[in-house]
file data16.txt (compact mmCIF, C-alpha atoms (C1' of nucleotides))
# COMPACT_ATOMS: atom_id res chain seq x y z
CA MET A 21 -6.94 -21.82 24.24
CA ILE A 22 -9.29 -24.47 25.55
CA ALA A 23 -13.02 -24.07 25.35
CA SER A 24 -13.34 -21.25 27.83
CA GLY A 25 -16.32 -20.94 30.15
CA GLN A 26 -17.12 -24.62 29.72
CA GLN A 27 -16.24 -27.46 32.05
CA GLY A 28 -12.58 -27.64 31.03
CA ARG A 29 -12.55 -31.31 30.20
CA ARG A 30 -14.78 -34.27 29.45
CA PRO A 31 -15.44 -36.44 32.54
CA ARG A 32 -13.28 -39.54 32.73
CA ALA A 33 -14.71 -42.86 31.63
CA ASP A 34 -13.67 -44.86 34.70
CA VAL A 35 -15.77 -42.59 36.93
CA GLN A 36 -18.98 -43.72 35.29
CA ARG A 37 -17.89 -47.34 35.31
CA ASN A 38 -16.96 -47.36 38.97
CA ARG A 39 -20.11 -45.57 39.95
CA ALA A 40 -22.30 -48.05 38.12
CA ALA A 41 -20.39 -51.03 39.50
CA LEU A 42 -20.65 -49.67 43.03
CA LEU A 43 -24.38 -49.16 42.70
CA GLU A 44 -24.76 -52.70 41.44
CA THR A 45 -22.87 -54.21 44.34
CA ALA A 46 -24.49 -51.92 46.87
CA GLN A 47 -27.96 -52.92 45.76
CA ARG A 48 -27.08 -56.59 46.16
CA HIS A 49 -25.66 -55.99 49.63
CA PHE A 50 -28.58 -53.85 50.74
CA LEU A 51 -30.95 -56.57 49.59
CA GLN A 52 -29.03 -59.29 51.34
CA TYR A 53 -27.80 -57.61 54.54
CA GLY A 54 -29.98 -54.53 54.91
CA VAL A 55 -29.04 -50.86 54.91
CA GLY A 56 -26.50 -51.41 57.67
CA THR A 57 -24.24 -53.52 55.50
CA SER A 58 -20.50 -52.90 55.57
CA LEU A 59 -19.48 -50.24 53.07
CA GLU A 60 -15.95 -51.55 53.10
CA ALA A 61 -17.28 -54.90 51.96
CA VAL A 62 -19.19 -53.22 49.15
CA ALA A 63 -16.04 -51.46 48.00
CA LYS A 64 -13.91 -54.58 48.22
CA GLU A 65 -16.38 -56.71 46.33
CA THR A 66 -16.67 -54.07 43.65
CA GLY A 67 -12.91 -54.16 43.34
CA VAL A 68 -12.24 -50.55 44.32
CA GLY A 69 -10.66 -48.95 47.36
CA PRO A 70 -12.79 -47.52 50.14
CA ALA A 71 -11.80 -43.99 49.18
CA THR A 72 -13.37 -44.42 45.75
CA LEU A 73 -16.67 -45.39 47.29
CA TYR A 74 -16.62 -42.41 49.64
CA ARG A 75 -15.63 -40.08 46.84
CA HIS A 76 -18.69 -41.07 44.83
CA PHE A 77 -21.05 -41.34 47.81
CA PRO A 78 -19.90 -39.29 50.79
CA THR A 79 -22.36 -40.88 53.20
CA ARG A 80 -24.29 -44.10 53.54
CA GLU A 81 -27.45 -42.10 52.86
CA ALA A 82 -26.07 -40.81 49.58
CA LEU A 83 -25.34 -44.34 48.40
CA LEU A 84 -28.73 -45.47 49.56
CA ALA A 85 -30.45 -42.60 47.78
CA ALA A 86 -28.62 -43.40 44.55
CA VAL A 87 -29.63 -47.06 44.71
CA LEU A 88 -33.19 -46.06 45.49
CA GLN A 89 -33.19 -43.74 42.52
CA THR A 90 -32.62 -46.73 40.26
CA ARG A 91 -35.27 -48.79 42.00
CA SER A 92 -37.81 -46.00 42.00
CA GLU A 93 -37.84 -45.96 38.21
CA GLU A 94 -39.02 -49.53 38.22
CA PHE A 95 -41.42 -48.55 40.98
CA VAL A 96 -43.18 -45.67 39.27
CA ALA A 97 -43.80 -47.94 36.32
CA ARG A 98 -46.29 -49.72 38.54
CA ARG A 99 -48.40 -46.63 38.89
CA ALA A 100 -49.88 -47.35 35.50
CA ASP A 101 -51.10 -50.75 36.68
CA ILE A 102 -52.47 -49.26 39.85
CA GLU A 103 -54.34 -46.47 38.20
CA GLN A 104 -55.94 -48.33 35.34
CA LEU A 105 -58.68 -49.48 37.65
CA GLY A 106 -61.48 -46.99 37.93
CA ASP A 107 -62.03 -47.47 41.65
CA SER A 108 -60.01 -44.89 43.54
CA ALA A 109 -60.36 -46.76 46.83
CA GLU A 110 -58.77 -49.85 45.38
CA ALA A 111 -56.11 -47.74 43.71
CA LEU A 112 -55.17 -46.26 47.07
CA GLU A 113 -55.03 -49.68 48.64
CA ARG A 114 -52.82 -51.02 45.90
CA TRP A 115 -50.58 -48.00 46.10
CA LEU A 116 -50.11 -48.47 49.82
CA ARG A 117 -49.21 -52.12 49.30
CA ALA A 118 -46.76 -51.28 46.56
CA MET A 119 -45.13 -48.63 48.70
CA GLU A 120 -44.93 -51.04 51.59
CA GLU A 121 -43.09 -53.56 49.43
CA TYR A 122 -40.81 -50.86 48.15
CA LEU A 123 -40.00 -49.78 51.71
CA SER A 124 -39.27 -53.27 52.92
CA ALA A 125 -36.96 -54.24 50.09
CA PHE A 126 -33.94 -53.46 52.29
CA SER A 127 -34.21 -54.29 55.94
CA GLY A 128 -33.72 -51.15 58.00
CA LEU A 129 -34.75 -48.84 55.19
CA PRO A 130 -37.70 -47.20 56.98
CA ASP A 131 -35.48 -45.64 59.65
CA PRO A 132 -33.29 -43.38 57.52
CA LEU A 133 -36.29 -42.60 55.35
CA MET A 134 -38.36 -41.43 58.28
CA THR A 135 -35.47 -39.33 59.51
CA ALA A 136 -35.27 -37.71 56.10
CA ALA A 137 -39.01 -37.17 55.95
CA ARG A 138 -39.02 -35.35 59.24
CA ALA A 139 -36.08 -33.05 58.84
CA GLN A 140 -36.73 -31.22 55.58
CA ASP A 141 -32.96 -31.24 55.46
CA PRO A 142 -31.95 -30.34 51.90
CA ASP A 143 -28.53 -31.89 52.53
CA ASN A 144 -30.05 -35.29 53.20
CA PRO A 145 -30.17 -37.02 49.83
CA LEU A 146 -33.10 -39.16 50.95
CA THR A 147 -35.39 -36.16 51.32
CA ILE A 148 -36.25 -36.09 47.64
CA PRO A 149 -37.33 -39.72 47.15
CA CYS A 150 -39.22 -39.39 50.41
CA ASP A 151 -41.16 -36.32 49.34
CA ILE A 152 -42.03 -37.99 46.07
CA LEU A 153 -43.63 -40.87 47.92
CA ILE A 154 -45.58 -38.59 50.24
CA THR A 155 -46.84 -36.44 47.40
CA ALA A 156 -47.94 -39.44 45.38
CA THR A 157 -49.72 -40.89 48.39
CA ASP A 158 -51.53 -37.64 48.90
CA GLU A 159 -52.77 -37.71 45.32
CA TYR A 160 -54.30 -41.14 45.82
CA VAL A 161 -55.82 -40.06 49.10
CA ARG A 162 -57.44 -36.98 47.61
CA ALA A 163 -58.86 -38.95 44.71
CA ALA A 164 -60.37 -41.48 47.11
CA GLN A 165 -61.73 -38.68 49.26
CA ARG A 166 -63.44 -37.04 46.28
CA ALA A 167 -65.19 -40.33 45.65
CA GLY A 168 -66.25 -40.48 49.29
CA HIS A 169 -64.20 -43.57 50.13
CA VAL A 170 -61.84 -42.01 52.64
CA ARG A 171 -62.45 -39.78 55.63
CA ALA A 172 -61.80 -36.11 55.08
CA SER A 173 -59.46 -35.84 58.05
CA VAL A 174 -56.86 -38.19 56.55
CA ARG A 175 -53.74 -36.81 54.88
CA GLY A 176 -51.34 -38.54 52.52
CA HIS A 177 -48.59 -38.01 55.02
CA ASP A 178 -50.50 -40.02 57.62
CA LEU A 179 -50.79 -43.04 55.36
CA PHE A 180 -47.16 -42.70 54.41
CA LEU A 181 -46.33 -43.01 58.08
CA ALA A 182 -48.61 -46.01 58.34
CA ALA A 183 -46.94 -47.69 55.38
CA CYS A 184 -43.52 -47.03 56.89
CA SER A 185 -44.68 -48.60 60.11
CA ILE A 186 -45.90 -51.71 58.40
CA ALA A 187 -42.68 -51.98 56.47
CA TRP A 188 -40.72 -51.52 59.67
CA ILE A 189 -42.67 -54.24 61.42
CA LYS A 190 -42.17 -56.51 58.45
CA GLY A 191 -38.44 -55.88 58.75
CA THR A 192 -38.41 -57.13 62.31
CA GLY A 193 -39.65 -60.49 61.10
CA THR A 194 -43.23 -60.48 62.31
CA ASP A 195 -45.49 -63.10 60.74
CA GLU A 196 -47.74 -62.24 57.83
CA ALA A 197 -50.92 -63.04 59.73
CA SER A 198 -50.26 -60.31 62.29
CA LEU A 199 -49.37 -57.90 59.53
CA ASP A 200 -52.64 -58.56 57.75
CA ARG A 201 -54.58 -57.89 60.91
CA LEU A 202 -52.78 -54.61 61.39
CA ARG A 203 -53.33 -53.62 57.77
CA ALA A 204 -57.02 -54.30 58.18
CA LEU A 205 -57.11 -52.25 61.35
CA ILE A 206 -55.49 -49.30 59.64
CA ALA A 207 -57.72 -49.63 56.60
CA SER A 208 -60.85 -49.48 58.71
CA GLY A 209 -59.32 -46.44 60.36
CA TYR A 210 -59.08 -44.38 57.20
CA ARG A 211 -62.08 -45.66 55.26
CA GLU A 212 -65.20 -43.55 55.24
CA VAL A 213 -68.08 -45.14 57.07
CA ASP A 214 -70.93 -45.95 54.75
CA PRO A 215 -73.48 -43.15 55.11
CA GLN A 216 -76.21 -45.75 55.58
CA ALA A 217 -78.07 -44.88 52.43
CA MET B 2 -16.77 -80.09 105.74
CA ILE B 3 -18.53 -77.10 104.29
CA ALA B 4 -22.28 -76.94 104.17
CA SER B 5 -22.74 -79.73 101.67
CA GLY B 6 -25.45 -79.59 99.04
CA GLN B 7 -25.74 -75.82 99.43
CA GLN B 8 -24.15 -73.13 97.30
CA GLY B 9 -20.67 -73.43 98.80
CA ARG B 10 -20.17 -69.79 99.65
CA ARG B 11 -22.00 -66.52 100.14
CA PRO B 12 -21.97 -64.29 97.03
CA ARG B 13 -19.42 -61.54 97.18
CA ALA B 14 -20.48 -58.04 98.09
CA ASP B 15 -18.77 -56.21 95.23
CA VAL B 16 -20.81 -58.18 92.72
CA GLN B 17 -24.04 -56.61 93.87
CA ARG B 18 -22.47 -53.16 94.04
CA ASN B 19 -21.03 -53.34 90.56
CA ARG B 20 -24.22 -54.69 89.13
CA ALA B 21 -26.28 -51.91 90.65
CA ALA B 22 -23.81 -49.25 89.59
CA LEU B 23 -23.75 -50.59 86.03
CA LEU B 24 -27.53 -50.58 85.83
CA GLU B 25 -27.60 -47.02 87.06
CA THR B 26 -25.12 -45.82 84.45
CA ALA B 27 -26.69 -47.90 81.71
CA GLN B 28 -30.10 -46.41 82.32
CA ARG B 29 -28.68 -42.91 82.06
CA HIS B 30 -26.89 -43.74 78.83
CA PHE B 31 -29.91 -45.47 77.31
CA LEU B 32 -32.02 -42.45 78.13
CA GLN B 33 -29.52 -40.05 76.66
CA TYR B 34 -28.10 -41.91 73.67
CA GLY B 35 -30.60 -44.69 72.97
CA VAL B 36 -30.19 -48.44 73.10
CA GLY B 37 -27.24 -48.29 70.71
CA THR B 38 -25.01 -46.47 73.19
CA SER B 39 -21.43 -47.60 73.63
CA LEU B 40 -21.15 -50.33 76.24
CA GLU B 41 -17.49 -49.52 76.69
CA ALA B 42 -18.48 -46.00 77.66
CA VAL B 43 -20.98 -47.36 80.19
CA ALA B 44 -18.28 -49.51 81.75
CA LYS B 45 -15.75 -46.72 81.82
CA GLU B 46 -18.14 -44.25 83.38
CA THR B 47 -19.15 -46.78 85.98
CA GLY B 48 -15.50 -47.20 86.80
CA VAL B 49 -15.19 -50.87 85.91
CA GLY B 50 -13.43 -52.69 83.13
CA PRO B 51 -15.34 -53.87 80.07
CA ALA B 52 -14.98 -57.49 81.16
CA THR B 53 -16.96 -56.81 84.32
CA LEU B 54 -19.84 -55.43 82.34
CA TYR B 55 -19.86 -58.42 80.00
CA ARG B 56 -19.62 -60.82 82.89
CA HIS B 57 -22.75 -59.39 84.46
CA PHE B 58 -24.61 -58.85 81.19
CA PRO B 59 -23.33 -61.08 78.39
CA THR B 60 -25.22 -59.22 75.68
CA ARG B 61 -26.63 -55.78 75.09
CA GLU B 62 -30.10 -57.31 75.30
CA ALA B 63 -29.37 -58.73 78.75
CA LEU B 64 -28.34 -55.32 80.04
CA LEU B 65 -31.35 -53.74 78.41
CA ALA B 66 -33.67 -56.32 79.92
CA ALA B 67 -32.21 -55.74 83.38
CA VAL B 68 -32.68 -51.98 83.10
CA LEU B 69 -36.20 -52.50 81.81
CA GLN B 70 -36.93 -54.77 84.75
CA THR B 71 -36.29 -51.86 87.09
CA ARG B 72 -38.36 -49.48 85.00
CA SER B 73 -41.22 -51.90 84.62
CA GLU B 74 -41.81 -51.89 88.36
CA GLU B 75 -42.50 -48.20 88.21
CA PHE B 76 -44.58 -48.86 85.14
CA VAL B 77 -46.93 -51.46 86.56
CA ALA B 78 -47.65 -49.09 89.40
CA ARG B 79 -49.53 -47.02 86.85
CA ARG B 80 -51.98 -49.81 86.21
CA ALA B 81 -53.81 -48.86 89.36
CA ASP B 82 -54.38 -45.34 88.04
CA ILE B 83 -55.48 -46.66 84.71
CA GLU B 84 -57.93 -49.16 86.04
CA GLN B 85 -59.66 -47.08 88.64
CA LEU B 86 -61.85 -45.59 85.96
CA GLY B 87 -64.90 -47.66 85.30
CA ASP B 88 -64.86 -47.14 81.53
CA SER B 89 -62.97 -50.01 79.93
CA ALA B 90 -62.59 -48.14 76.64
CA GLU B 91 -60.82 -45.28 78.32
CA ALA B 92 -58.73 -47.71 80.33
CA LEU B 93 -57.54 -49.34 77.13
CA GLU B 94 -56.72 -45.99 75.63
CA ARG B 95 -54.74 -44.91 78.68
CA TRP B 96 -52.93 -48.21 78.77
CA LEU B 97 -51.88 -47.86 75.15
CA ARG B 98 -50.59 -44.37 75.83
CA ALA B 99 -48.67 -45.50 78.88
CA MET B 100 -47.13 -48.37 76.96
CA GLU B 101 -46.21 -46.04 74.16
CA GLU B 102 -44.36 -43.78 76.56
CA TYR B 103 -42.67 -46.75 78.14
CA LEU B 104 -41.52 -47.97 74.73
CA SER B 105 -40.16 -44.63 73.65
CA ALA B 106 -38.15 -43.95 76.79
CA PHE B 107 -35.00 -45.14 75.03
CA SER B 108 -34.64 -44.34 71.37
CA GLY B 109 -34.30 -47.55 69.39
CA LEU B 110 -36.02 -49.67 72.02
CA PRO B 111 -38.87 -50.91 69.83
CA ASP B 112 -36.54 -52.79 67.49
CA PRO B 113 -35.01 -55.30 69.89
CA LEU B 114 -38.35 -55.64 71.61
CA MET B 115 -40.12 -56.55 68.41
CA THR B 116 -37.42 -59.04 67.57
CA ALA B 117 -37.90 -60.63 70.97
CA ALA B 118 -41.67 -60.65 70.58
CA ARG B 119 -41.45 -62.49 67.32
CA ALA B 120 -38.96 -65.18 68.11
CA GLN B 121 -40.31 -66.88 71.23
CA ASP B 122 -36.62 -67.36 71.89
CA PRO B 123 -36.26 -68.33 75.55
CA ASP B 124 -32.61 -67.28 75.42
CA ASN B 125 -33.54 -63.71 74.58
CA PRO B 126 -33.89 -61.92 77.91
CA LEU B 127 -36.31 -59.43 76.38
CA THR B 128 -38.90 -62.09 75.66
CA ILE B 129 -40.29 -61.99 79.19
CA PRO B 130 -40.93 -58.25 79.55
CA CYS B 131 -42.36 -58.35 76.06
CA ASP B 132 -44.83 -61.12 76.81
CA ILE B 133 -45.93 -59.31 79.94
CA LEU B 134 -46.84 -56.26 77.90
CA ILE B 135 -48.72 -58.27 75.31
CA THR B 136 -50.65 -60.20 77.92
CA ALA B 137 -51.61 -57.05 79.78
CA THR B 138 -52.73 -55.41 76.56
CA ASP B 139 -54.88 -58.40 75.77
CA GLU B 140 -56.59 -58.10 79.14
CA TYR B 141 -57.55 -54.51 78.46
CA VAL B 142 -58.73 -55.41 74.98
CA ARG B 143 -60.93 -58.24 76.20
CA ALA B 144 -62.48 -56.06 78.89
CA ALA B 145 -63.28 -53.38 76.34
CA GLN B 146 -64.68 -55.98 73.99
CA ARG B 147 -67.01 -57.36 76.65
CA ALA B 148 -68.36 -53.85 77.06
CA GLY B 149 -68.87 -53.60 73.30
CA HIS B 150 -66.33 -50.82 72.79
CA VAL B 151 -63.84 -52.70 70.65
CA ARG B 152 -64.34 -54.86 67.57
CA ALA B 153 -64.28 -58.57 68.19
CA SER B 154 -61.61 -59.19 65.57
CA VAL B 155 -58.95 -57.19 67.45
CA ARG B 156 -56.31 -58.98 69.53
CA GLY B 157 -54.06 -57.58 72.23
CA HIS B 158 -51.07 -58.50 70.14
CA ASP B 159 -52.31 -56.27 67.32
CA LEU B 160 -52.50 -53.21 69.53
CA PHE B 161 -49.12 -54.03 70.99
CA LEU B 162 -47.75 -53.88 67.45
CA ALA B 163 -49.55 -50.60 66.92
CA ALA B 164 -48.08 -49.13 70.10
CA CYS B 165 -44.62 -50.27 69.09
CA SER B 166 -45.09 -48.58 65.74
CA ILE B 167 -46.10 -45.31 67.29
CA ALA B 168 -43.17 -45.48 69.67
CA TRP B 169 -40.86 -46.24 66.78
CA ILE B 170 -42.16 -43.29 64.79
CA LYS B 171 -41.77 -41.08 67.82
CA GLY B 172 -38.16 -42.23 68.05
CA THR B 173 -37.46 -41.02 64.54
CA GLY B 174 -38.38 -37.51 65.60
CA THR B 175 -41.74 -37.05 63.90
CA ASP B 176 -43.80 -34.13 65.15
CA GLU B 177 -46.55 -34.62 67.72
CA ALA B 178 -49.29 -33.43 65.39
CA SER B 179 -48.65 -36.24 62.92
CA LEU B 180 -48.49 -38.72 65.76
CA ASP B 181 -51.87 -37.60 67.06
CA ARG B 182 -53.40 -38.03 63.64
CA LEU B 183 -52.02 -41.54 63.40
CA ARG B 184 -53.21 -42.40 66.89
CA ALA B 185 -56.68 -41.22 65.97
CA LEU B 186 -56.60 -43.28 62.80
CA ILE B 187 -55.65 -46.41 64.68
CA ALA B 188 -58.23 -45.75 67.38
CA SER B 189 -61.01 -45.49 64.85
CA GLY B 190 -59.69 -48.73 63.41
CA TYR B 191 -60.17 -50.77 66.54
CA ARG B 192 -63.23 -49.09 68.05
CA GLU B 193 -66.56 -50.75 67.59
CA VAL B 194 -68.95 -48.82 65.42
CA ASP B 195 -71.95 -47.63 67.33
CA PRO B 196 -74.75 -50.10 66.63
CA GLN B 197 -77.06 -47.22 65.78
CA ALA B 198 -79.44 -47.82 68.66
C1' DA C 13 2.63 -40.54 18.51
C1' DC C 14 3.91 -38.00 22.53
C1' DC C 15 3.68 -35.75 26.72
C1' DC C 16 1.55 -32.77 30.24
C1' DT C 17 -1.78 -32.15 33.59
C1' DA C 18 -6.16 -32.61 35.66
C1' DT C 19 -8.50 -36.18 37.66
C1' DA C 20 -9.38 -40.19 39.98
C1' DC C 21 -7.59 -44.20 42.33
C1' DG C 22 -6.46 -47.11 46.48
C1' DG C 23 -3.56 -48.62 50.21
C1' DA C 24 -2.26 -47.32 54.69
C1' DG C 25 -3.52 -45.72 58.99
C1' DG C 26 -6.00 -43.52 62.97
C1' DC C 27 -10.07 -44.07 65.61
C1' DG C 28 -13.70 -46.18 68.22
C1' DG C 29 -16.54 -50.04 69.56
C1' DC C 30 -17.11 -55.09 70.48
C1' DA C 31 -15.85 -59.14 72.93
C1' DT C 32 -12.43 -62.21 75.25
C1' DC C 33 -8.31 -63.94 77.59
C1' DC C 34 -5.55 -64.19 81.51
C1' DG C 35 -2.63 -62.46 85.22
C1' DT C 36 -3.87 -59.93 89.46
C1' DT C 37 -6.66 -58.39 93.27
C1' DT C 38 -10.32 -58.84 96.51
C1' DT C 39 -13.47 -61.35 99.40
C1' DT C 40 -14.87 -65.10 102.14
C1' DG C 41 -14.63 -68.40 105.67
C1' DA C 42 -11.86 -71.23 108.41
C1' DT D 13 -3.85 -64.78 109.58
C1' DC D 14 -4.10 -67.36 105.52
C1' DA D 15 -5.65 -70.29 101.44
C1' DA D 16 -8.79 -70.78 97.84
C1' DA D 17 -12.62 -69.25 95.33
C1' DA D 18 -14.45 -65.56 92.97
C1' DA D 19 -14.39 -61.45 90.59
C1' DC D 20 -11.81 -57.75 88.54
C1' DG D 21 -9.74 -55.06 84.66
C1' DG D 22 -6.09 -54.04 81.46
C1' DA D 23 -4.37 -55.74 77.25
C1' DT D 24 -5.50 -57.45 73.03
C1' DG D 25 -7.44 -58.90 68.41
C1' DC D 26 -10.91 -57.89 65.27
C1' DC D 27 -13.85 -55.10 62.42
C1' DG D 28 -15.96 -51.13 60.35
C1' DC D 29 -15.71 -46.08 59.51
C1' DC D 30 -13.48 -42.49 57.20
C1' DT D 31 -9.36 -39.62 55.45
C1' DC D 32 -4.79 -38.48 53.78
C1' DC D 33 -1.57 -38.58 50.30
C1' DG D 34 1.51 -40.78 47.04
C1' DT D 35 0.54 -43.07 42.59
C1' DA D 36 -1.72 -44.34 38.28
C1' DT D 37 -4.37 -43.09 34.30
C1' DA D 38 -7.41 -40.88 31.01
C1' DG D 39 -7.98 -36.70 28.04
C1' DG D 40 -6.54 -33.57 24.82
C1' DG D 41 -3.33 -30.32 22.92
C1' DT D 42 0.75 -30.25 19.99
call {"tool": "encode", "arguments": {"input": "data16.txt", "output": "structure tokens"}}
result
Amino acid sequence: MIASGQQGRRPRADVQRNRAALLETAQRHFLQYGVGTSLEAVAKETGVGPATLYRHFPTREALLAAVLQTRSEEFVARRADIEQLGDSAEALERWLRAMEEYLSAFSGLPDPLMTAARAQDPDNPLTIPCDILITATDEYVRAAQRAGHVRASVRGHDLFLAACSIAWIKGTGTDEASLDRLRALIASGYREVDPQA
Amino acid sequence: MIASGQQGRRPRADVQRNRAALLETAQRHFLQYGVGTSLEAVAKETGVGPATLYRHFPTREALLAAVLQTRSEEFVARRADIEQLGDSAEALERWLRAMEEYLSAFSGLPDPLMTAARAQDPDNPLTIPCDILITATDEYVRAAQRAGHVRASVRGHDLFLAACSIAWIKGTGTDEASLDRLRALIASGYREVDPQA
DNA sequence: ACCCTATACGGAGGCGGCATCCGTTTTTGA
DNA sequence: TCAAAAACGGATGCCGCCTCCGTATAGGGT
């Protein structure tokens, strides 16, 4: 009798290997061609058939979410750098910049992410990474609000939207100068006006 | 001898008819399915072959620009309504709202428009409608600045970007409440602070 | 060491959309 | 009425998505 009640058998080794190799290739392709890259090309370059890719990642979003999972580990490591400064206003600003970079790593990334953020769809694998970002943003916002640096009416979700927008604009190839102007405009929109001591 | 030096012959009647019919169908499809709709489907529903569509509109952008041309006539008619108010600040606000609606008529419209705005590419048929919008926005901005309602650092182009962003977010299906919060944030970013009389 | 079976693989193929070529039809103007 | 210019549209090749199913292979019991 085999170990009853358990998962009958140990998972096969090639599964792990293929999965890792696919993620590696996918990340490269997403970086180079954006989230709309050909999945067939990813499979071919990895050296597997298309069916293998789809078996591991049933949808483009699933593949994207898995790649993002890897990247987000590197990303959260930055939070230490961001937070070590005492000033909560600057921490928020840095966080928004970091998120913006994260969101513009793959061209076209903001779209599926926004869709996931809206829908609360538990089947959409992007919902989780999305909620993590929103929650984190809200923490920074609240901290800055407690210190009186940010207007009380602002929510983390709002600044998440703003960061997505900036990342989206960046993805369309707009020049940095225009982006800086828009960042400044948004910043003066959420900052608390000095109470004129 | 035929009329020398002229265009040898009168344009055929079916050309005009097909063009108009294609525009009609295209507008419906853009409204219903967004700018990514199948061009083959547009041709088929119009009752022409795909080649006819491509002959009239060599690229998706060309078709889009032609449809937008029609819509923009209806759009500029609004400028009268907007301007009849004396308050330049409110005029700017109304203009931004109108532009936002215009930009979100077809889902996915902001993307190709932004690309056209960036490139200054005279071959891109969307460049012209885009420049018109930016120029108009700049007029409203300058008027509001003269009246002291808008910060001097703001350019029309910046608020065009902002309107595109809002329209883009709208296209991803975000709820109206969040949009209003973001609009308010942007507005308080460009408005001049009261000089505390 | 062997074999049995669960498990995963991957090529083939159907589908739909894009874009073009070229033989055919329609329109114009004489 | 007819010839030529102009436009039409079906056929076609290509590509990417996604699935089915026959085949290969790893795991583990004997």
call {"tool": "residues_around", "arguments": {"input": "data16.txt", "residues": "DC26 in chain D", "least_positions_apart": "5", "cutoff": "12 Å", "atoms": "all atoms listed in the file", "output": "PDB file with C-alpha atoms (C1' of nucleotides), in the frame of the given file"}}
result
ATOM      1  C1'  DG C  29     -16.540 -50.040  69.560  1.00  0.00           C
ATOM      2  C1'  DC C  30     -17.110 -55.090  70.480  1.00  0.00           C
ATOM      3  C1'  DA C  31     -15.850 -59.140  72.930  1.00  0.00           C
ATOM      4  C1'  DT C  32     -12.430 -62.210  75.250  1.00  0.00           C
TER       5       DT C  32
END
call {"tool": "residues_near_point", "arguments": {"input": "data16.txt", "point": "(-42.6, -42.7, 58.0)", "cutoff": "8 Å", "atoms": "all atoms listed in the file", "output": "VMD selection string"}}
result
(chain A and resid 130 to 131 133 to 134 137 180 to 185) or (chain B and resid 170)
call {"tool": "atom_distance", "arguments": {"input": "data16.txt", "atom1": "CA of Cys150 in chain A", "atom2": "CA of Ala136 in chain A"}}
result
7.1 Å
call {"tool": "interface_residues", "arguments": {"input": "data16.txt", "of": "chain A", "to": "chain C", "cutoff": "8 Å", "atoms": "all atoms listed in the file", "output": "PyMOL selection string"}}
result
chain A and resi 32+35+68-72
call {"tool": "closest_residue", "arguments": {"input": "data16.txt", "among": "A:Glu60, A:Asn38, A:Tyr160, A:Glu93", "to": "Glu110 in chain A", "atoms": "only C-alpha atoms"}}
result
A:Tyr160
call {"tool": "interface_residues", "arguments": {"input": "data16.txt", "of": "chain B", "to": "chain A", "cutoff": "6 Å", "atoms": "all atoms listed in the file", "output": "list in words"}}
result
Thr116, Arg119, Ser166, Thr173, Thr175, Leu186, Ile187, Ser189 and Gly190 of chain B
call {"tool": "residues_around", "arguments": {"input": "data16.txt", "residues": "Val77 in chain B", "least_positions_apart": "2", "cutoff": "12 Å", "atoms": "only C-alpha atoms (C1' of nucleotides)", "output": "compact mmCIF listing (two decimals) with C-alpha atoms, in the coordinates of the input"}}
result
# COMPACT_ATOMS: atom_id res chain seq x y z
CA LEU B 69 -36.20 -52.50 81.81
CA GLN B 70 -36.93 -54.77 84.75
CA THR B 71 -36.29 -51.86 87.09
CA ARG B 72 -38.36 -49.48 85.00
CA SER B 73 -41.22 -51.90 84.62
CA GLU B 74 -41.81 -51.89 88.36
CA GLU B 75 -42.50 -48.20 88.21
CA ARG B 79 -49.53 -47.02 86.85
CA ARG B 80 -51.98 -49.81 86.21
CA ALA B 81 -53.81 -48.86 89.36
CA ASP B 82 -54.38 -45.34 88.04
CA ILE B 83 -55.48 -46.66 84.71
CA GLU B 84 -57.93 -49.16 86.04
CA TRP B 96 -52.93 -48.21 78.77
CA ALA B 99 -48.67 -45.50 78.88
CA MET B 100 -47.13 -48.37 76.96
CA TYR B 103 -42.67 -46.75 78.14
CA PRO B 130 -40.93 -58.25 79.55
CA ILE B 133 -45.93 -59.31 79.94
CA LEU B 134 -46.84 -56.26 77.90
CA ALA B 137 -51.61 -57.05 79.78
call {"tool": "atom_distance", "arguments": {"input": "data16.txt", "atom1": "CA of Ala163 in chain A", "atom2": "CA of Ser108 in chain A"}}
result
6.2 Å
call {"tool": "closest_atom_pairs", "arguments": {"input": "data16.txt", "of": "chain D", "to": "chain B", "cutoff": "9 Å", "atoms": "only C-alpha atoms (C1' of nucleotides)", "output": "CSV"}}
result
residue,atom,partner,partner_atom,distance
D:DA17,C1',B:Arg10,CA,8.7
D:DA18,C1',B:Arg13,CA,7.7
D:DA19,C1',B:Val16,CA,7.5
D:DC20,C1',B:Thr53,CA,6.7
D:DG21,C1',B:Gly50,CA,4.6
D:DG22,C1',B:Gly50,CA,7.6
call {"tool": "axis_aligned_box", "arguments": {"input": "data16.txt", "around": "range 13-26 of chain C", "padding_each_side": "5 Å", "output": "AutoDock Vina command-line options"}}
result
--center_x -2.7 --center_y -40.4 --center_z 40.7 --size_x 23.3 --size_y 26.5 --size_z 54.5
call {"tool": "atom_distance", "arguments": {"input": "data16.txt", "atom1": "CA of His57 in chain B", "atom2": "CA of Gln28 in chain B"}}
result
15.1 Å
call {"tool": "closest_residue", "arguments": {"input": "data16.txt", "among": "B:Leu110, B:Ala42, B:Ala168, B:Ala78", "to": "Leu97 in chain B", "atoms": "only C-alpha atoms"}}
result
B:Ala168
